[in-house]
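Notes follow once the structure below has been shown.
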Amino acid sequence: MRMFGKKRVAVVGAGLTLFRRNMKETGREMCYEAAKMALDSAGLTLSDIDAVTYGSAPDAFDGIHMKGENMTDASGAWRKPFSRVYTGGGTGVFAMDSGWWHIASGLFDTCLVVGEEKMSSCYPHPAYAFTTIFDPIMDRPHGTTLIWIFSLEMHRYMHRHGIKKEQIALVSVKNKRNALDHPCAQLGAKITVEDVLNSEIMCWPVQRLDISPTSDGAAALVLASEDVAKKLTDNPVWIDGAGWCIDSTYWTNRDLYYPDYVEYAARMAYKMAKIKNPPKEIDVAEPYDPFDYKELHHMEGLLLCKKGEAPKLTAEGVTQRDGDLPINPSGGLLGVGNPIGAAGVMKCCEIFWQLRGEAGKRQVPGDPRTGVAQAWGDLMQYGSVIVMRR
Amino acid sequence: MRDAAIVGVGCTGFKPITPEVSYKELMFEAATRAYEDAGVNPRKDIDAFVTCAEDYWEGYSIFDEFVPDQLGAALRHLFTVTADGLIGLGTGYMLICTGEFDTVVVEAHSKASELLTYPNIVAHAFDPVFNRPLGGHPYYFAGLEMARFMHDTRTTREQCAQVVVKNKKNALLNSCAAHAANVTVEDVINSEPMFDPLNRLDISPHADGCIVMVLASYRAAKKLTDNPIWIRGIGWNSDTSWPETRDWGRAIYTEKAAEMAYKLAGIHSPRREIAFAEVDDEFSYKELQHLEALKLCGKGEAGKLTEEGVTGRKSDLPVNVSGGLLGMGYALESSGLQRALEVVRQLRGEAGKRQIPNAKTGLAQIWRGVPTATGAVAILSTEMK
């Protein structure tokens, strides 16, 4: 009989490529770059890595079937155990969850987590790939697009809590400004609430500046068991909680004003991390923000504030980098960019750097000790959460 | 204690076509049977769900969206691994080993009959710049590999055909099999030439079906069942994604996966310690190549052993008693769970007419098909160690 104690899992290195609309590098090259950077920062080489887990969203972007198999070498998995996890937009943070169980199981001592997305190869626009995420009988005949369904969700959220567009636009203003300090960012900018409200209407109430861009990019992290981590570094960051949850496929039957699935995922991770009072115990958070209203939605789902309270906190400046509860100090998806599978891993990288005090100009004050990253995906249906501690 | 066991299995059976049901109905049927078998309620008793699927097989982007309801997993902890079901089993195993999960469900299915353009889809798995423009039906890869394997190991064409004869015949005793038949070596060699040296009957025909398994920790398994099947070892591995640089004669991915599984299981002499094996035989020669990679025989011996009948149902080392993929049908990502299912049935003594007497430890192995070099191996046993 084997005896596995539950292993504590550490993050010991991180790497990130530029996020851009049209990278010249192929997906494989971006994977290599991010993975190499992460290994270098951990002081390891590929021969030290026991297993690789990889995250990427629809194969349709690249037009490559079994895309994971195509990426094994590039993400460092040559003749190693490799697995690709796939939970739509939730994939990035979920890849970190996957890395966590690789080590926590006691089967592996080191695991490389790679998130990558090359959206620009989908012509004429990556949004076309998203027309095939819908039910072929019930939804696709309507010509449904992603922005349509998110406009429904945004509308419902605004209606239920009486939120104004001006309040939501503040998120876009904050995140794009935060991104000015991020060397990899695609859309760092100084904009105003008026700029957001005057930008092109995509599908009311969603406007151009409410949305994150489409991007190419890759991000990677090196995870290690406690024994290995203690030999490698004096200041590892620990993964203390992992959580995920999926809601029903039939999104038309759900009340979209609140993401139950994010709450369930958060509760799973908080329970593991023994967090009882999230707003008090969490010092910095990177909730998923592909649209500005989603940051607010997800703050509520992560139990960082009460339902409908997130816009108020944003208006009061609580979520600014120097506020009481810094939200998306990286610049998030709205500012840094949204290469889907890589975007969630980027958020995990940011929490890692923030907790190590290595975030440079983006560093949140007050010596943060506990951080949470979250991603969201599928048909407004998936939540993945990771809790890290110093 | 962090050992994991299979405590429930459910299978729809495999058929060449299933126009009467959707993939959701296939999944529902297999899941219901597995939950009944394990005596669990998915809405309350299951800590995590793993589903194994690839977008292109399903005709969706982000297929993960369409999984929860029919498995009873809405608002539960479910996710997708784009891999064969046997790698899904490895994922479930890891989850249980973390100590945070007591029960995990693993699902994989095939609706291959709905793929109207199968070769084109497989062609999309080839590198878009270096390999895809060469065109042709992607199975030429298997033909090239078979030629190399036969050359390296001096395996004969007849020995490969023997695999087909054996497996299709074994399948006659398996009510879940879609492509059972009585054929001869001559039938195989005289069947339509496809991808030289492969003939029509060397290639596994497709089948639809779904398999769901319920895994449990030691603690939960003891409560749920009197005959748990322990996962004593599991391993998976990927060789290079560049076909140009592979060793085409050897299945290195299986050698490596077996190494990991044997190490976990504490198996030093596979041939002595493993009573029977269910290995990937998507193409006839693959069974032989995989037997060698699993060290169940020496290099170049698999063909000879097959010819001598050593891998027959009532012999020393029964291989693919279920009928294998050649007999049951290649079932996309559920092919690996098909192999594991037979091992579970045999170990539980539920294999009916094809029961191997007194088997205690069995092996399941799978390959993800052309053009991949990824495989997985699981060692299942009635004994914990």
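Order determines the names: the first chain of the structure tokens is A, the second B, and so forth; residues in each chain are numbered 1 upward, and ligands are numbered 1 upward as they are shown.
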
Checklist line | Selection near range 157-166 of chain B, 6 Å with only C-alpha atoms, sequence-local residues under 3 positions removed, as an MDAnalysis selection string | finding: chainID B and resid 169 183:185 188 284:285 303 307

Take the selection from the previous step and output its residues with C-alpha atoms, as a PDB file, in the first residue's frame.
ATOM      1  CA  LYS B 169     -13.023 -13.955 -33.124  1.00  0.00           C
ATOM      2  CA  VAL B 183     -12.147 -14.345 -40.600  1.00  0.00           C
ATOM      3  CA  THR B 184      -9.000 -16.106 -41.753  1.00  0.00           C
ATOM      4  CA  VAL B 185      -5.474 -14.893 -42.417  1.00  0.00           C
ATOM      5  CA  VAL B 188      -7.205 -10.290 -44.144  1.00  0.00           C
ATOM      6  CA  SER B 284      -3.243  -4.873 -36.541  1.00  0.00           C
ATOM      7  CA  TYR B 285       0.536  -4.335 -36.186  1.00  0.00           C
ATOM      8  CA  GLY B 303       4.490 -11.715 -33.981  1.00  0.00           C
ATOM      9  CA  GLU B 307       1.366 -17.048 -34.472  1.00  0.00           C
TER      10      GLU B 307
END

Margin query: I need the chain A residues near chain B as number ranges by chain; criterion: at most 8 Å, counting only C-alpha atoms.
Written below: A: 1-7, 57-60, 63-73, 77-88, 101-102, 104-107, 129-130, 132-134, 243-249, 260-261, 264-265, 378-379, 381

May I have the selected residues written with C-alpha atoms, as a PDB file, in the first residue's frame?
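Result saved to again-v1.pdb:
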ATOM      1  CA  MET A   1       0.000   0.000   0.000  1.00  0.00           C
ATOM      2  CA  ARG A   2       1.333   3.384  -0.989  1.00  0.00           C
ATOM      3  CA  MET A   3       1.198   6.266   1.439  1.00  0.00           C
ATOM      4  CA  PHE A   4       0.714   9.649  -0.140  1.00  0.00           C
ATOM      5  CA  GLY A   5       0.503  12.582   2.181  1.00  0.00           C
ATOM      6  CA  LYS A   6      -1.195  15.569   0.628  1.00  0.00           C
ATOM      7  CA  LYS A   7       1.690  17.558  -0.753  1.00  0.00           C
ATOM      8  CA  ALA A  57      -9.066  27.370 -25.861  1.00  0.00           C
ATOM      9  CA  PRO A  58     -10.807  26.338 -29.108  1.00  0.00           C
ATOM     10  CA  ASP A  59      -8.834  24.348 -31.669  1.00  0.00           C
ATOM     11  CA  ALA A  60     -10.782  26.348 -34.238  1.00  0.00           C
ATOM     12  CA  GLY A  63      -7.467  25.082 -37.246  1.00  0.00           C
ATOM     13  CA  ILE A  64      -5.475  22.287 -35.614  1.00  0.00           C
ATOM     14  CA  HIS A  65      -7.316  19.203 -34.420  1.00  0.00           C
ATOM     15  CA  MET A  66      -5.905  17.766 -31.168  1.00  0.00           C
ATOM     16  CA  LYS A  67      -4.002  20.998 -30.703  1.00  0.00           C
ATOM     17  CA  GLY A  68      -2.488  19.778 -27.444  1.00  0.00           C
ATOM     18  CA  GLU A  69      -0.691  16.994 -29.301  1.00  0.00           C
ATOM     19  CA  ASN A  70       0.703  19.591 -31.685  1.00  0.00           C
ATOM     20  CA  MET A  71       2.151  21.584 -28.785  1.00  0.00           C
ATOM     21  CA  THR A  72       3.805  18.840 -26.702  1.00  0.00           C
ATOM     22  CA  ASP A  73       7.410  19.564 -27.709  1.00  0.00           C
ATOM     23  CA  ALA A  77       6.657  17.759 -22.792  1.00  0.00           C
ATOM     24  CA  TRP A  78       8.973  15.737 -25.017  1.00  0.00           C
ATOM     25  CA  ARG A  79       8.760  12.181 -23.670  1.00  0.00           C
ATOM     26  CA  LYS A  80       7.003  13.365 -20.538  1.00  0.00           C
ATOM     27  CA  PRO A  81       3.488  12.918 -19.163  1.00  0.00           C
ATOM     28  CA  PHE A  82       1.456  15.666 -20.830  1.00  0.00           C
ATOM     29  CA  SER A  83      -2.161  16.627 -20.478  1.00  0.00           C
ATOM     30  CA  ARG A  84      -4.246  19.454 -21.816  1.00  0.00           C
ATOM     31  CA  VAL A  85      -7.156  20.732 -19.800  1.00  0.00           C
ATOM     32  CA  TYR A  86      -9.959  22.611 -21.455  1.00  0.00           C
ATOM     33  CA  THR A  87     -12.700  24.628 -19.837  1.00  0.00           C
ATOM     34  CA  GLY A  88     -13.241  27.387 -22.412  1.00  0.00           C
ATOM     35  CA  TRP A 101      -3.192  18.281  -8.590  1.00  0.00           C
ATOM     36  CA  HIS A 102      -0.201  16.941 -10.551  1.00  0.00           C
ATOM     37  CA  ALA A 104      -0.505  17.581  -4.697  1.00  0.00           C
ATOM     38  CA  SER A 105      -1.165  13.962  -5.725  1.00  0.00           C
ATOM     39  CA  GLY A 106       2.433  13.099  -4.886  1.00  0.00           C
ATOM     40  CA  LEU A 107       2.932  11.620  -8.367  1.00  0.00           C
ATOM     41  CA  ALA A 129     -14.616  30.597 -34.260  1.00  0.00           C
ATOM     42  CA  PHE A 130     -17.001  31.454 -31.448  1.00  0.00           C
ATOM     43  CA  THR A 132     -19.517  27.217 -33.232  1.00  0.00           C
ATOM     44  CA  ILE A 133     -19.634  27.214 -29.437  1.00  0.00           C
ATOM     45  CA  PHE A 134     -23.433  27.205 -29.505  1.00  0.00           C
ATOM     46  CA  GLY A 243     -11.570  25.302  -7.136  1.00  0.00           C
ATOM     47  CA  TRP A 244     -13.739  24.906 -10.204  1.00  0.00           C
ATOM     48  CA  CYS A 245     -17.398  24.538 -11.053  1.00  0.00           C
ATOM     49  CA  ILE A 246     -19.613  24.289 -14.132  1.00  0.00           C
ATOM     50  CA  ASP A 247     -23.266  25.280 -14.423  1.00  0.00           C
ATOM     51  CA  SER A 248     -25.917  23.818 -16.723  1.00  0.00           C
ATOM     52  CA  THR A 249     -25.484  23.982 -20.506  1.00  0.00           C
ATOM     53  CA  ASP A 260     -23.384  30.916  -8.979  1.00  0.00           C
ATOM     54  CA  TYR A 261     -20.701  28.729 -10.569  1.00  0.00           C
ATOM     55  CA  TYR A 264     -19.204  27.459  -5.893  1.00  0.00           C
ATOM     56  CA  ALA A 265     -15.696  27.340  -7.352  1.00  0.00           C
ATOM     57  CA  ASP A 378     -17.941  28.257 -21.578  1.00  0.00           C
ATOM     58  CA  LEU A 379     -21.517  29.534 -22.009  1.00  0.00           C
ATOM     59  CA  GLN A 381     -21.042  28.699 -17.134  1.00  0.00           C
TER      60      GLN A 381
END

Note to self: Need the shell around Lys15 in chain B: protein/DNA/RNA residues with any atom at most 8 Å away, counting only C-alpha atoms. Skip same-chain ones fewer than 5 positions apart. Format as a ChimeraX atom specification?
What the structure shows: /B:176-178,207-209,329

Output file for the selection above: N, CA and C atoms, as a compact mmCIF listing (two decimals), in the first residue's frame:
# COMPACT_ATOMS: atom_id res chain seq x y z
N CYS B 176 -20.86 -6.42 -26.24
CA CYS B 176 -20.63 -4.98 -26.44
C CYS B 176 -19.91 -4.68 -27.76
N ALA B 177 -19.45 -5.72 -28.47
CA ALA B 177 -18.58 -5.51 -29.63
C ALA B 177 -19.38 -5.20 -30.89
N ALA B 178 -18.85 -4.28 -31.69
CA ALA B 178 -19.56 -3.86 -32.90
C ALA B 178 -19.10 -4.61 -34.15
N ALA B 207 -16.81 2.77 -34.02
CA ALA B 207 -18.03 2.43 -33.29
C ALA B 207 -18.45 3.60 -32.42
N ASP B 208 -19.74 3.66 -32.13
CA ASP B 208 -20.29 4.66 -31.21
C ASP B 208 -20.53 4.01 -29.86
N GLY B 209 -20.39 4.80 -28.82
CA GLY B 209 -20.68 4.28 -27.49
C GLY B 209 -20.12 5.21 -26.44
N GLY B 329 -14.49 -2.09 -32.08
CA GLY B 329 -14.63 -0.85 -32.84
C GLY B 329 -13.83 0.27 -32.21

Notebook entry, point to check: What lies within 8 Å of range 144-149 of chain A using only C-alpha atoms, ignoring chain neighbours under 4 positions off, as a list of chain:residue names?
Noted result: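 Once the nearby chain positions are removed, what remains is A:Ala127, A:Phe130, A:Thr131, A:Phe134, A:Asp139, A:Arg140, A:Glu153, A:Met202, A:Cys203, A:Val206.
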
Check: Which residues, written as a PyMOL selection string, have at least one atom at most 12 Å from Val336 in chain A, with only C-alpha atoms counted and residues fewer than 3 positions away on the same chain left out?
Finding: chain A and resi 16-21+172+175-189+212-217+288-290+328-333+339-340+342-344+346-347+350

Checklist line | Shell around range 162-169 of chain A at 12 Å using only C-alpha atoms, local window under 3 positions removed, as number ranges by chain | finding: A: 154-159, 172-176, 191-199, 204-211, 257, 289, 291-297, 307-317, 334

Checklist line | Residue among A:Leu325, A:Ser121, A:Leu39, A:Lys306 lying closest to His161 in chain A, counting only C-alpha atoms | finding: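 Closest to His161 in chain A, using only C-alpha atoms: A:Lys306.
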
Item checked: Straight-line distance linking CA of Asp135 in chain A with CA of Val106 in chain B, stated in Å to one decimal -> 23.3 Å

Check: When DSSP works through the backbone of this structure, what residues of range 41-149 of chain B end up as helix (DSSP H, G or I), shown as a PyMOL selection string?
Finding: chain B and resi 55-58+63-66+68-71+85-97+112-114+118-123+132-134+140-149

Would you write out those residues with C-alpha atoms, as a tab-separated table (two decimals), in the first residue's frame?
chain	number	residue	atom	x	y	z
B	55	ASP	CA	-13.67	19.72	-30.20
B	56	TYR	CA	-13.17	18.45	-33.73
B	57	TRP	CA	-14.62	15.02	-32.94
B	58	GLU	CA	-17.72	16.71	-31.58
B	63	PHE	CA	-17.34	21.03	-26.10
B	64	ASP	CA	-16.91	21.25	-22.33
B	65	GLU	CA	-20.07	23.40	-22.33
B	66	PHE	CA	-22.31	20.52	-23.36
B	68	PRO	CA	-22.68	18.70	-17.28
B	69	ASP	CA	-26.43	18.08	-17.43
B	70	GLN	CA	-26.52	14.52	-18.75
B	71	LEU	CA	-23.88	13.45	-16.20
B	85	GLY	CA	-10.25	8.21	-21.46
B	86	LEU	CA	-7.29	6.33	-20.00
B	87	ILE	CA	-5.49	9.65	-19.45
B	88	GLY	CA	-8.77	10.84	-17.92
B	89	LEU	CA	-8.52	7.85	-15.58
B	90	GLY	CA	-4.99	9.00	-14.69
B	91	THR	CA	-6.37	12.48	-13.99
B	92	GLY	CA	-9.06	11.03	-11.72
B	93	TYR	CA	-6.37	8.98	-9.99
B	94	MET	CA	-4.32	12.12	-9.32
B	95	LEU	CA	-7.37	13.93	-7.93
B	96	ILE	CA	-8.01	11.12	-5.46
B	97	CYS	CA	-4.33	10.99	-4.48
B	112	ALA	CA	-17.79	8.56	-34.72
B	113	SER	CA	-20.69	7.68	-37.02
B	114	GLU	CA	-21.60	11.37	-37.21
B	118	TYR	CA	-13.33	11.66	-40.84
B	119	PRO	CA	-10.09	11.68	-42.92
B	120	ASN	CA	-10.24	15.47	-43.30
B	121	ILE	CA	-10.65	15.91	-39.56
B	122	VAL	CA	-7.68	13.65	-38.83
B	123	ALA	CA	-5.71	15.56	-41.47
B	132	ARG	CA	-0.75	18.69	-43.93
B	133	PRO	CA	0.07	19.94	-47.45
B	134	LEU	CA	1.34	16.45	-48.35
B	140	TYR	CA	-0.75	6.48	-44.78
B	141	PHE	CA	1.16	7.33	-41.60
B	142	ALA	CA	0.15	3.95	-40.17
B	143	GLY	CA	1.16	2.19	-43.37
B	144	LEU	CA	4.62	3.76	-43.22
B	145	GLU	CA	4.95	2.87	-39.55
B	146	MET	CA	3.84	-0.73	-40.14
B	147	ALA	CA	6.44	-1.17	-42.89
B	148	ARG	CA	9.14	0.17	-40.58
B	149	PHE	CA	8.00	-2.00	-37.65
